[in-house]
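Dumped protein24.cif below, it's mmCIF, N, CA and C atoms:
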data_start
#
loop_
_atom_site.label_atom_id
_atom_site.label_comp_id
_atom_site.auth_asym_id
_atom_site.auth_seq_id
_atom_site.Cartn_x
_atom_site.Cartn_y
_atom_site.Cartn_z
N MET Q 1 118.38 16.76 18.92
CA MET Q 1 118.68 18.11 19.33
C MET Q 1 117.96 18.38 20.65
N PRO Q 2 118.67 18.84 21.67
CA PRO Q 2 118.04 19.08 22.98
C PRO Q 2 117.10 20.29 22.93
N PHE Q 3 116.07 20.21 23.73
CA PHE Q 3 115.11 21.31 23.83
C PHE Q 3 115.72 22.44 24.64
N ARG Q 4 115.60 23.65 24.15
CA ARG Q 4 116.08 24.82 24.88
C ARG Q 4 114.89 25.73 25.12
N ALA Q 5 114.55 25.89 26.39
CA ALA Q 5 113.42 26.75 26.76
C ALA Q 5 113.76 28.20 26.42
N PRO Q 6 112.78 28.95 25.94
CA PRO Q 6 113.06 30.34 25.58
C PRO Q 6 113.31 31.25 26.78
N PHE Q 7 112.90 30.83 27.97
CA PHE Q 7 113.07 31.64 29.18
C PHE Q 7 113.65 30.76 30.28
N ARG Q 8 114.43 31.37 31.17
CA ARG Q 8 114.97 30.61 32.31
C ARG Q 8 113.86 30.18 33.24
N ASP Q 9 112.92 31.09 33.47
CA ASP Q 9 111.79 30.81 34.36
C ASP Q 9 110.72 31.86 34.08
N ARG Q 10 109.65 31.83 34.84
CA ARG Q 10 108.55 32.77 34.59
C ARG Q 10 108.95 34.22 34.89
N ALA Q 11 109.80 34.40 35.88
CA ALA Q 11 110.26 35.76 36.18
C ALA Q 11 111.07 36.32 35.00
N ASP Q 12 111.90 35.48 34.40
CA ASP Q 12 112.65 35.90 33.22
C ASP Q 12 111.69 36.26 32.08
N ALA Q 13 110.66 35.46 31.90
CA ALA Q 13 109.65 35.76 30.87
C ALA Q 13 108.99 37.11 31.15
N GLY Q 14 108.68 37.37 32.42
CA GLY Q 14 108.06 38.63 32.79
C GLY Q 14 108.97 39.82 32.53
N ARG Q 15 110.24 39.68 32.84
CA ARG Q 15 111.19 40.78 32.59
C ARG Q 15 111.31 41.06 31.09
N ARG Q 16 111.34 40.01 30.31
CA ARG Q 16 111.45 40.21 28.85
C ARG Q 16 110.17 40.84 28.28
N LEU Q 17 109.04 40.40 28.79
CA LEU Q 17 107.78 41.01 28.35
C LEU Q 17 107.72 42.48 28.77
N ALA Q 18 108.16 42.75 29.99
CA ALA Q 18 108.16 44.14 30.48
C ALA Q 18 109.03 45.03 29.60
N ALA Q 19 110.14 44.50 29.13
CA ALA Q 19 111.01 45.29 28.25
C ALA Q 19 110.28 45.68 26.97
N ARG Q 20 109.43 44.80 26.48
CA ARG Q 20 108.67 45.10 25.25
C ARG Q 20 107.49 46.04 25.53
N LEU Q 21 107.10 46.12 26.80
CA LEU Q 21 105.95 46.95 27.16
C LEU Q 21 106.36 48.25 27.85
N ARG Q 22 107.64 48.54 27.90
CA ARG Q 22 108.11 49.71 28.66
C ARG Q 22 107.49 51.01 28.18
N HIS Q 23 107.03 51.05 26.93
CA HIS Q 23 106.37 52.27 26.42
C HIS Q 23 105.08 52.57 27.18
N LEU Q 24 104.57 51.61 27.94
CA LEU Q 24 103.35 51.82 28.73
C LEU Q 24 103.63 52.40 30.12
N ALA Q 25 104.89 52.44 30.51
CA ALA Q 25 105.24 52.98 31.83
C ALA Q 25 104.75 54.42 31.92
N GLY Q 26 104.16 54.75 33.06
CA GLY Q 26 103.66 56.10 33.27
C GLY Q 26 102.25 56.31 32.76
N HIS Q 27 101.71 55.33 32.07
CA HIS Q 27 100.33 55.42 31.60
C HIS Q 27 99.41 54.76 32.62
N ASP Q 28 98.15 54.96 32.45
CA ASP Q 28 97.14 54.42 33.36
C ASP Q 28 96.86 52.96 32.99
N VAL Q 29 97.71 52.05 33.48
CA VAL Q 29 97.57 50.63 33.16
C VAL Q 29 97.49 49.81 34.44
N VAL Q 30 96.85 48.69 34.34
CA VAL Q 30 96.82 47.68 35.40
C VAL Q 30 97.26 46.38 34.77
N VAL Q 31 98.14 45.67 35.44
CA VAL Q 31 98.61 44.38 34.95
C VAL Q 31 97.79 43.30 35.64
N VAL Q 32 97.27 42.36 34.85
CA VAL Q 32 96.44 41.29 35.39
C VAL Q 32 97.17 39.97 35.18
N GLY Q 33 97.26 39.19 36.26
CA GLY Q 33 97.88 37.87 36.19
C GLY Q 33 96.86 36.79 36.48
N LEU Q 34 97.00 35.68 35.79
CA LEU Q 34 96.13 34.53 36.01
C LEU Q 34 96.92 33.44 36.72
N PRO Q 35 96.40 32.97 37.89
CA PRO Q 35 97.08 31.85 38.52
C PRO Q 35 96.99 30.63 37.61
N ARG Q 36 97.86 29.79 37.65
CA ARG Q 36 98.97 29.74 38.55
C ARG Q 36 100.21 30.32 37.91
N GLY Q 37 100.50 29.99 36.70
CA GLY Q 37 101.76 30.42 36.11
C GLY Q 37 101.85 31.86 35.69
N GLY Q 38 100.74 32.54 35.51
CA GLY Q 38 100.79 33.90 35.01
C GLY Q 38 101.13 34.96 36.03
N VAL Q 39 100.96 34.65 37.30
CA VAL Q 39 101.19 35.67 38.33
C VAL Q 39 102.66 36.07 38.42
N PRO Q 40 103.62 35.13 38.42
CA PRO Q 40 105.02 35.56 38.45
C PRO Q 40 105.41 36.42 37.24
N VAL Q 41 104.86 36.11 36.09
CA VAL Q 41 105.12 36.91 34.89
C VAL Q 41 104.54 38.30 35.08
N ALA Q 42 103.28 38.36 35.48
CA ALA Q 42 102.60 39.65 35.67
C ALA Q 42 103.27 40.49 36.74
N ALA Q 43 103.76 39.86 37.79
CA ALA Q 43 104.42 40.60 38.87
C ALA Q 43 105.66 41.33 38.35
N GLU Q 44 106.43 40.69 37.51
CA GLU Q 44 107.61 41.33 36.93
C GLU Q 44 107.21 42.51 36.04
N VAL Q 45 106.17 42.33 35.26
CA VAL Q 45 105.70 43.40 34.38
C VAL Q 45 105.20 44.58 35.20
N ALA Q 46 104.38 44.29 36.21
CA ALA Q 46 103.83 45.36 37.06
C ALA Q 46 104.95 46.13 37.75
N ASP Q 47 105.94 45.41 38.24
CA ASP Q 47 107.06 46.05 38.92
C ASP Q 47 107.83 46.96 37.95
N ALA Q 48 108.11 46.47 36.77
CA ALA Q 48 108.87 47.25 35.80
C ALA Q 48 108.11 48.48 35.33
N LEU Q 49 106.80 48.37 35.23
CA LEU Q 49 105.99 49.50 34.76
C LEU Q 49 105.51 50.39 35.90
N ASP Q 50 105.84 50.00 37.13
CA ASP Q 50 105.34 50.69 38.32
C ASP Q 50 103.82 50.81 38.25
N ALA Q 51 103.20 49.68 37.92
CA ALA Q 51 101.75 49.63 37.74
C ALA Q 51 101.15 48.69 38.78
N PRO Q 52 99.89 48.88 39.12
CA PRO Q 52 99.24 47.95 40.04
C PRO Q 52 99.08 46.58 39.40
N LEU Q 53 99.11 45.57 40.25
CA LEU Q 53 98.94 44.18 39.83
C LEU Q 53 97.64 43.66 40.41
N ASP Q 54 96.83 43.04 39.58
CA ASP Q 54 95.61 42.39 40.04
C ASP Q 54 95.68 40.94 39.60
N VAL Q 55 94.99 40.10 40.34
CA VAL Q 55 94.94 38.67 40.03
C VAL Q 55 93.49 38.29 39.81
N VAL Q 56 93.22 37.59 38.73
CA VAL Q 56 91.88 37.12 38.42
C VAL Q 56 91.92 35.59 38.42
N VAL Q 57 91.09 35.00 39.26
CA VAL Q 57 91.03 33.54 39.34
C VAL Q 57 90.04 33.03 38.30
N VAL Q 58 90.51 32.16 37.43
CA VAL Q 58 89.68 31.54 36.40
C VAL Q 58 89.97 30.05 36.37
N ARG Q 59 89.03 29.31 35.83
CA ARG Q 59 89.21 27.87 35.64
C ARG Q 59 88.73 27.49 34.24
N LYS Q 60 89.52 26.67 33.60
CA LYS Q 60 89.14 26.16 32.29
C LYS Q 60 87.99 25.19 32.43
N LEU Q 61 87.08 25.22 31.47
CA LEU Q 61 86.02 24.22 31.38
C LEU Q 61 86.44 23.22 30.32
N GLY Q 62 86.85 22.05 30.76
CA GLY Q 62 87.29 21.03 29.83
C GLY Q 62 86.14 20.16 29.37
N VAL Q 63 86.21 19.70 28.13
CA VAL Q 63 85.22 18.75 27.62
C VAL Q 63 85.31 17.50 28.48
N PRO Q 64 84.18 16.96 28.95
CA PRO Q 64 84.21 15.85 29.91
C PRO Q 64 85.09 14.66 29.51
N TRP Q 65 85.06 14.24 28.28
CA TRP Q 65 85.84 13.07 27.87
C TRP Q 65 87.22 13.44 27.33
N GLN Q 66 87.51 14.73 27.27
CA GLN Q 66 88.83 15.22 26.84
C GLN Q 66 89.11 16.52 27.58
N PRO Q 67 89.46 16.42 28.88
CA PRO Q 67 89.55 17.61 29.73
C PRO Q 67 90.57 18.67 29.28
N GLU Q 68 91.54 18.29 28.47
CA GLU Q 68 92.51 19.29 27.99
C GLU Q 68 91.93 20.16 26.89
N LEU Q 69 90.82 19.73 26.29
CA LEU Q 69 90.15 20.53 25.26
C LEU Q 69 89.21 21.51 25.95
N ALA Q 70 89.52 22.79 25.84
CA ALA Q 70 88.73 23.81 26.53
C ALA Q 70 87.46 24.13 25.75
N MET Q 71 86.34 24.08 26.46
CA MET Q 71 85.07 24.51 25.86
C MET Q 71 84.68 25.89 26.40
N GLY Q 72 85.48 26.40 27.34
CA GLY Q 72 85.20 27.70 27.92
C GLY Q 72 85.96 27.88 29.21
N ALA Q 73 85.51 28.86 29.98
CA ALA Q 73 86.15 29.16 31.27
C ALA Q 73 85.13 29.82 32.19
N VAL Q 74 85.38 29.70 33.48
CA VAL Q 74 84.59 30.41 34.48
C VAL Q 74 85.54 31.23 35.33
N GLY Q 75 85.02 32.34 35.85
CA GLY Q 75 85.84 33.20 36.67
C GLY Q 75 85.09 33.68 37.89
N GLU Q 76 85.74 34.57 38.59
CA GLU Q 76 85.15 35.15 39.78
C GLU Q 76 83.83 35.83 39.43
N ASP Q 77 82.97 35.95 40.40
CA ASP Q 77 81.66 36.59 40.22
C ASP Q 77 80.77 35.85 39.23
N GLY Q 78 81.06 34.56 38.97
CA GLY Q 78 80.20 33.75 38.13
C GLY Q 78 80.32 33.99 36.64
N VAL Q 79 81.31 34.74 36.22
CA VAL Q 79 81.50 35.00 34.79
C VAL Q 79 81.79 33.67 34.08
N THR Q 80 81.07 33.42 32.99
CA THR Q 80 81.28 32.21 32.19
C THR Q 80 81.42 32.61 30.73
N VAL Q 81 82.45 32.07 30.08
CA VAL Q 81 82.68 32.30 28.65
C VAL Q 81 82.74 30.93 28.00
N LEU Q 82 81.97 30.74 26.93
CA LEU Q 82 81.92 29.45 26.24
C LEU Q 82 82.37 29.61 24.80
N ASP Q 83 82.99 28.58 24.27
CA ASP Q 83 83.44 28.55 22.88
C ASP Q 83 82.39 27.81 22.05
N ALA Q 84 81.63 28.56 21.29
CA ALA Q 84 80.52 27.98 20.52
C ALA Q 84 81.00 26.94 19.52
N ARG Q 85 82.18 27.14 18.95
CA ARG Q 85 82.69 26.15 17.98
C ARG Q 85 82.94 24.81 18.64
N VAL Q 86 83.56 24.83 19.83
CA VAL Q 86 83.82 23.57 20.52
C VAL Q 86 82.51 22.93 20.96
N LEU Q 87 81.60 23.73 21.47
CA LEU Q 87 80.31 23.18 21.89
C LEU Q 87 79.59 22.54 20.71
N GLY Q 88 79.62 23.18 19.57
CA GLY Q 88 78.97 22.61 18.39
C GLY Q 88 79.64 21.34 17.90
N ALA Q 89 80.96 21.35 17.89
CA ALA Q 89 81.70 20.18 17.40
C ALA Q 89 81.56 18.97 18.32
N THR Q 90 81.43 19.22 19.61
CA THR Q 90 81.35 18.11 20.57
C THR Q 90 79.92 17.69 20.86
N ARG Q 91 78.97 18.53 20.46
CA ARG Q 91 77.55 18.27 20.70
C ARG Q 91 77.23 18.07 22.19
N LEU Q 92 77.90 18.83 23.01
CA LEU Q 92 77.62 18.78 24.45
C LEU Q 92 76.25 19.35 24.74
N THR Q 93 75.58 18.75 25.70
CA THR Q 93 74.28 19.27 26.12
C THR Q 93 74.49 20.38 27.15
N GLN Q 94 73.45 21.15 27.37
CA GLN Q 94 73.49 22.19 28.40
C GLN Q 94 73.79 21.56 29.76
N GLU Q 95 73.25 20.38 30.01
CA GLU Q 95 73.50 19.68 31.28
C GLU Q 95 74.97 19.30 31.41
N ASP Q 96 75.59 18.84 30.32
CA ASP Q 96 77.02 18.50 30.34
C ASP Q 96 77.84 19.73 30.72
N VAL Q 97 77.54 20.83 30.07
CA VAL Q 97 78.28 22.07 30.31
C VAL Q 97 78.07 22.53 31.74
N GLU Q 98 76.84 22.51 32.21
CA GLU Q 98 76.55 22.99 33.56
C GLU Q 98 77.22 22.13 34.62
N ARG Q 99 77.29 20.83 34.40
CA ARG Q 99 77.94 19.94 35.37
C ARG Q 99 79.42 20.31 35.53
N VAL Q 100 80.10 20.50 34.40
CA VAL Q 100 81.52 20.88 34.44
C VAL Q 100 81.66 22.28 35.04
N ALA Q 101 80.81 23.21 34.62
CA ALA Q 101 80.90 24.59 35.10
C ALA Q 101 80.67 24.68 36.60
N ALA Q 102 79.72 23.91 37.12
CA ALA Q 102 79.45 23.93 38.57
C ALA Q 102 80.68 23.46 39.35
N ARG Q 103 81.31 22.41 38.86
CA ARG Q 103 82.51 21.90 39.54
C ARG Q 103 83.62 22.95 39.54
N GLU Q 104 83.83 23.59 38.40
CA GLU Q 104 84.91 24.58 38.31
C GLU Q 104 84.58 25.87 39.04
N ARG Q 105 83.30 26.25 39.08
CA ARG Q 105 82.92 27.43 39.89
C ARG Q 105 83.21 27.18 41.36
N ALA Q 106 82.97 25.96 41.82
CA ALA Q 106 83.28 25.62 43.22
C ALA Q 106 84.78 25.75 43.47
N GLU Q 107 85.59 25.36 42.51
CA GLU Q 107 87.05 25.47 42.66
C GLU Q 107 87.48 26.94 42.67
N VAL Q 108 86.87 27.77 41.83
CA VAL Q 108 87.17 29.20 41.84
C VAL Q 108 86.84 29.79 43.21
N ALA Q 109 85.68 29.43 43.75
CA ALA Q 109 85.27 29.94 45.06
C ALA Q 109 86.23 29.49 46.16
N ARG Q 110 86.73 28.27 46.04
CA ARG Q 110 87.66 27.74 47.04
C ARG Q 110 88.96 28.53 47.05
N ARG Q 111 89.39 28.97 45.90
CA ARG Q 111 90.68 29.68 45.79
C ARG Q 111 90.53 31.12 46.22
#

Take the structure in the file and write it out as structure tokens.
Amino acid sequence: MPFRAPFRDRADAGRRLAARLRHLAGHDVVVVGLPRGGVPVAAEVADALDAPLDVVVVRKLGVPWQPELAMGAVGEDGVTVLDARVLGATRLTQEDVERVAARERAEVARR
């Protein structure tokens, strides 16, 4: 059976999400998009709600030997959020975490 994507593209996803959020139009809301894929979705929502759009740059902190497994994230202004369950399960040291976080903070600053 062929795979059928639920949305034509990210803009289509944003329009469909906006339709579900239309009850927020006229309220004091701000739509936040995360690069890379979330900004086109957020732009459609912001446009439909006539709301301001903001972009927050964040980077996933991947476990060193399994980068797709997120142990946390870093964002602008040095904000860091860590997942204690993943840290406990992987037994990462503070040095391991800081090494990955420093690399990703540099990438956030570059963007």

Just say which residues the PyMOL selection byres (((chain Q and resi 41 and name CA) around 7) and name CA) picks in this file, as a ChimeraX atom specification. /Q:10-11,13-14,38-40,42-45

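Distance annotation: of Q:Gly88, Q:Pro2, Q:Pro35, Q:Gly75, the residue with the minimal separation from Q:Ala106 is Q:Gly75; atom set is only C-alpha atoms.
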
Residue among Q:Glu68, Q:Asp77, Q:Asp9, Q:Asp47 lying closest to Q:Arg22, counting only C-alpha atoms: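 Ranked by minimum distance to Q:Arg22, first place goes to Q:Asp47.
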
Can you tell me how far atom CA of Q:His27 sits from atom CA of Q:Val57, in Å to one decimal? 25.0 Å

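Of the listed residues (Q:Met1, Q:Val108, Q:Val100, Q:Val29), Q:Val108 comes nearest to Q:Val58; the distances count only N, CA and C atoms.
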
Give me, as number ranges by chain, the residues of chain Q that a backbone DSSP run labels helix (DSSP H, G or I). Q: 10-24, 38-49, 76-78, 84-90, 94-110

Considering only N, CA and C atoms, state which residue in the set Q:Lys60, Q:Arg103, Q:Arg4, Q:Arg91 is at the smallest distance from Q:Val74.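 The answer is Q:Lys60, which sits nearest to Q:Val74.
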
Could you check how far atom C of Q:Leu87 sits from atom C of Q:Gly62, in Å to one decimal?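 These two atoms are separated by 11.1 Å.
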
Atom CA of Q:Ala48 to atom CA of Q:Pro6 measures 20.2 Å

Padding of 3 Å on every side, edges along x, y and z, all listed atoms of stretch 10-25 of chain Q included: what centre and edge lengths in Å, to one decimal, does that box have, as AutoDock Vina command-line options?
--center_x 108.0 --center_y 43.1 --center_z 30.7 --size_x 15.3 --size_y 28.6 --size_z 16.9

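If all atoms listed in the file are the atoms counted, then among Q:Val81, Q:Leu21, Q:Leu49, Q:Val55 the closest residue to Q:Leu34 is Q:Val55.
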
Excluding Q:Ala89 and residues on its chain fewer than 6 positions from it, collect all residues at most 12 Å away from it, counting only C-alpha atoms, and give them as a list in words.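 Result of the neighbour search: Val63, Leu69, Met71 and Asp83 of chain Q.
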
Just asking: which residues within chain Q are strand (DSSP E) according to DSSP, as a VMD selection string? chain Q and resid 31 to 33 53 to 55 58 to 63 66 to 75 80 to 82

Point (92.3, 39.9, 36.2), cut-off 6 Å, counting only C-alpha atoms, residues as a PDB file with N, CA and C atoms, keeping the file's coordinate frame:
ATOM      1  N   VAL Q  32      97.270  42.360  34.850  1.00  0.00           N
ATOM      2  CA  VAL Q  32      96.440  41.290  35.390  1.00  0.00           C
ATOM      3  C   VAL Q  32      97.170  39.970  35.180  1.00  0.00           C
ATOM      4  N   GLY Q  33      97.260  39.190  36.260  1.00  0.00           N
ATOM      5  CA  GLY Q  33      97.880  37.870  36.190  1.00  0.00           C
ATOM      6  C   GLY Q  33      96.860  36.790  36.480  1.00  0.00           C
ATOM      7  N   ASP Q  54      96.830  43.040  39.580  1.00  0.00           N
ATOM      8  CA  ASP Q  54      95.610  42.390  40.040  1.00  0.00           C
ATOM      9  C   ASP Q  54      95.680  40.940  39.600  1.00  0.00           C
ATOM     10  N   VAL Q  55      94.990  40.100  40.340  1.00  0.00           N
ATOM     11  CA  VAL Q  55      94.940  38.670  40.030  1.00  0.00           C
ATOM     12  C   VAL Q  55      93.490  38.290  39.810  1.00  0.00           C
ATOM     13  N   VAL Q  56      93.220  37.590  38.730  1.00  0.00           N
ATOM     14  CA  VAL Q  56      91.880  37.120  38.420  1.00  0.00           C
ATOM     15  C   VAL Q  56      91.920  35.590  38.420  1.00  0.00           C
TER      16      VAL Q  56
END

Counting only C-alpha atoms, the residue of Q:Ala51, Q:Asp96, Q:Ala101, Q:Arg20 that sits nearest Q:Gly72: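 Ranked by minimum distance to Q:Gly72, first place goes to Q:Ala101.
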
Could you pull stretch 17-100 of chain Q out of the block above and save it with C-alpha atoms, as a short mmCIF file (atom, residue, chain, number, x, y, z; two decimals), in the first residue's frame?
data_model
loop_
_atom_site.label_atom_id
_atom_site.label_comp_id
_atom_site.auth_asym_id
_atom_site.auth_seq_id
_atom_site.Cartn_x
_atom_site.Cartn_y
_atom_site.Cartn_z
CA LEU Q 17 -3.93 23.87 11.82
CA ALA Q 18 -5.11 27.47 11.48
CA ALA Q 19 -8.62 26.23 10.72
CA ARG Q 20 -8.62 24.35 14.03
CA LEU Q 21 -7.29 27.41 15.86
CA ARG Q 22 -9.58 30.02 14.31
CA HIS Q 23 -11.33 30.47 17.67
CA LEU Q 24 -8.14 32.27 18.77
CA ALA Q 25 -8.44 34.97 16.10
CA GLY Q 26 -8.82 38.38 17.68
CA HIS Q 27 -7.26 37.26 20.94
CA ASP Q 28 -3.89 38.33 22.26
CA VAL Q 29 -1.80 35.51 20.75
CA VAL Q 30 1.65 35.19 19.24
CA VAL Q 31 2.51 32.31 16.93
CA VAL Q 32 5.98 30.84 17.40
CA GLY Q 33 7.74 28.83 14.71
CA LEU Q 34 10.82 26.69 15.08
CA PRO Q 35 13.24 26.47 12.16
CA ARG Q 36 13.51 24.74 9.94
CA GLY Q 37 10.24 23.03 9.17
CA GLY Q 38 8.01 24.81 11.66
CA VAL Q 39 8.29 28.31 10.26
CA PRO Q 40 6.18 27.72 7.11
CA VAL Q 41 3.49 26.10 9.27
CA ALA Q 42 3.59 28.93 11.81
CA ALA Q 43 3.49 31.58 9.06
CA GLU Q 44 0.21 30.20 7.74
CA VAL Q 45 -1.28 30.11 11.24
CA ALA Q 46 -0.13 33.66 12.04
CA ASP Q 47 -1.53 34.94 8.76
CA ALA Q 48 -4.91 33.27 9.29
CA LEU Q 49 -5.19 34.53 12.86
CA ASP Q 50 -3.82 37.98 11.98
CA ALA Q 51 -1.32 37.41 14.78
CA PRO Q 52 2.35 38.28 15.07
CA LEU Q 53 4.86 35.58 14.15
CA ASP Q 54 8.06 35.02 16.10
CA VAL Q 55 10.84 32.57 15.39
CA VAL Q 56 12.83 30.85 18.12
CA VAL Q 57 16.08 29.17 17.14
CA VAL Q 58 16.70 25.93 19.02
CA ARG Q 59 18.96 22.93 18.55
CA LYS Q 60 18.44 19.40 19.72
CA LEU Q 61 21.06 17.91 22.02
CA GLY Q 62 21.61 14.42 20.71
CA VAL Q 63 23.19 11.61 22.72
CA PRO Q 64 26.79 11.40 21.40
CA TRP Q 65 26.61 7.78 20.19
CA GLN Q 66 22.98 8.06 19.05
CA PRO Q 67 22.45 11.64 17.82
CA GLU Q 68 18.78 11.09 16.90
CA LEU Q 69 18.00 10.38 20.57
CA ALA Q 70 17.35 13.76 22.16
CA MET Q 71 18.70 14.36 25.65
CA GLY Q 72 17.58 17.98 25.57
CA ALA Q 73 17.75 21.21 23.62
CA VAL Q 74 19.45 24.59 23.67
CA GLY Q 75 18.00 27.87 22.51
CA GLU Q 76 18.69 31.52 22.15
CA ASP Q 77 20.01 33.37 25.18
CA GLY Q 78 21.66 30.17 26.45
CA VAL Q 79 18.45 28.45 27.52
CA THR Q 80 19.08 24.73 28.06
CA VAL Q 81 16.46 22.07 28.75
CA LEU Q 82 17.54 18.52 29.62
CA ASP Q 83 15.57 15.28 29.79
CA ALA Q 84 16.47 13.68 33.12
CA ARG Q 85 15.12 10.28 32.06
CA VAL Q 86 17.39 10.12 29.01
CA LEU Q 87 20.36 11.38 30.99
CA GLY Q 88 19.78 8.72 33.63
CA ALA Q 89 19.26 5.91 31.14
CA THR Q 90 22.37 6.79 29.13
CA ARG Q 91 24.55 7.60 32.15
CA LEU Q 92 26.03 10.59 30.37
CA THR Q 93 28.49 12.64 32.36
CA GLN Q 94 28.20 16.39 32.82
CA GLU Q 95 31.24 16.70 30.53
CA ASP Q 96 29.48 14.67 27.80
CA VAL Q 97 26.43 16.90 28.01
CA GLU Q 98 28.45 20.11 28.06
CA ARG Q 99 30.51 19.07 25.02
CA VAL Q 100 27.35 18.50 22.95
#
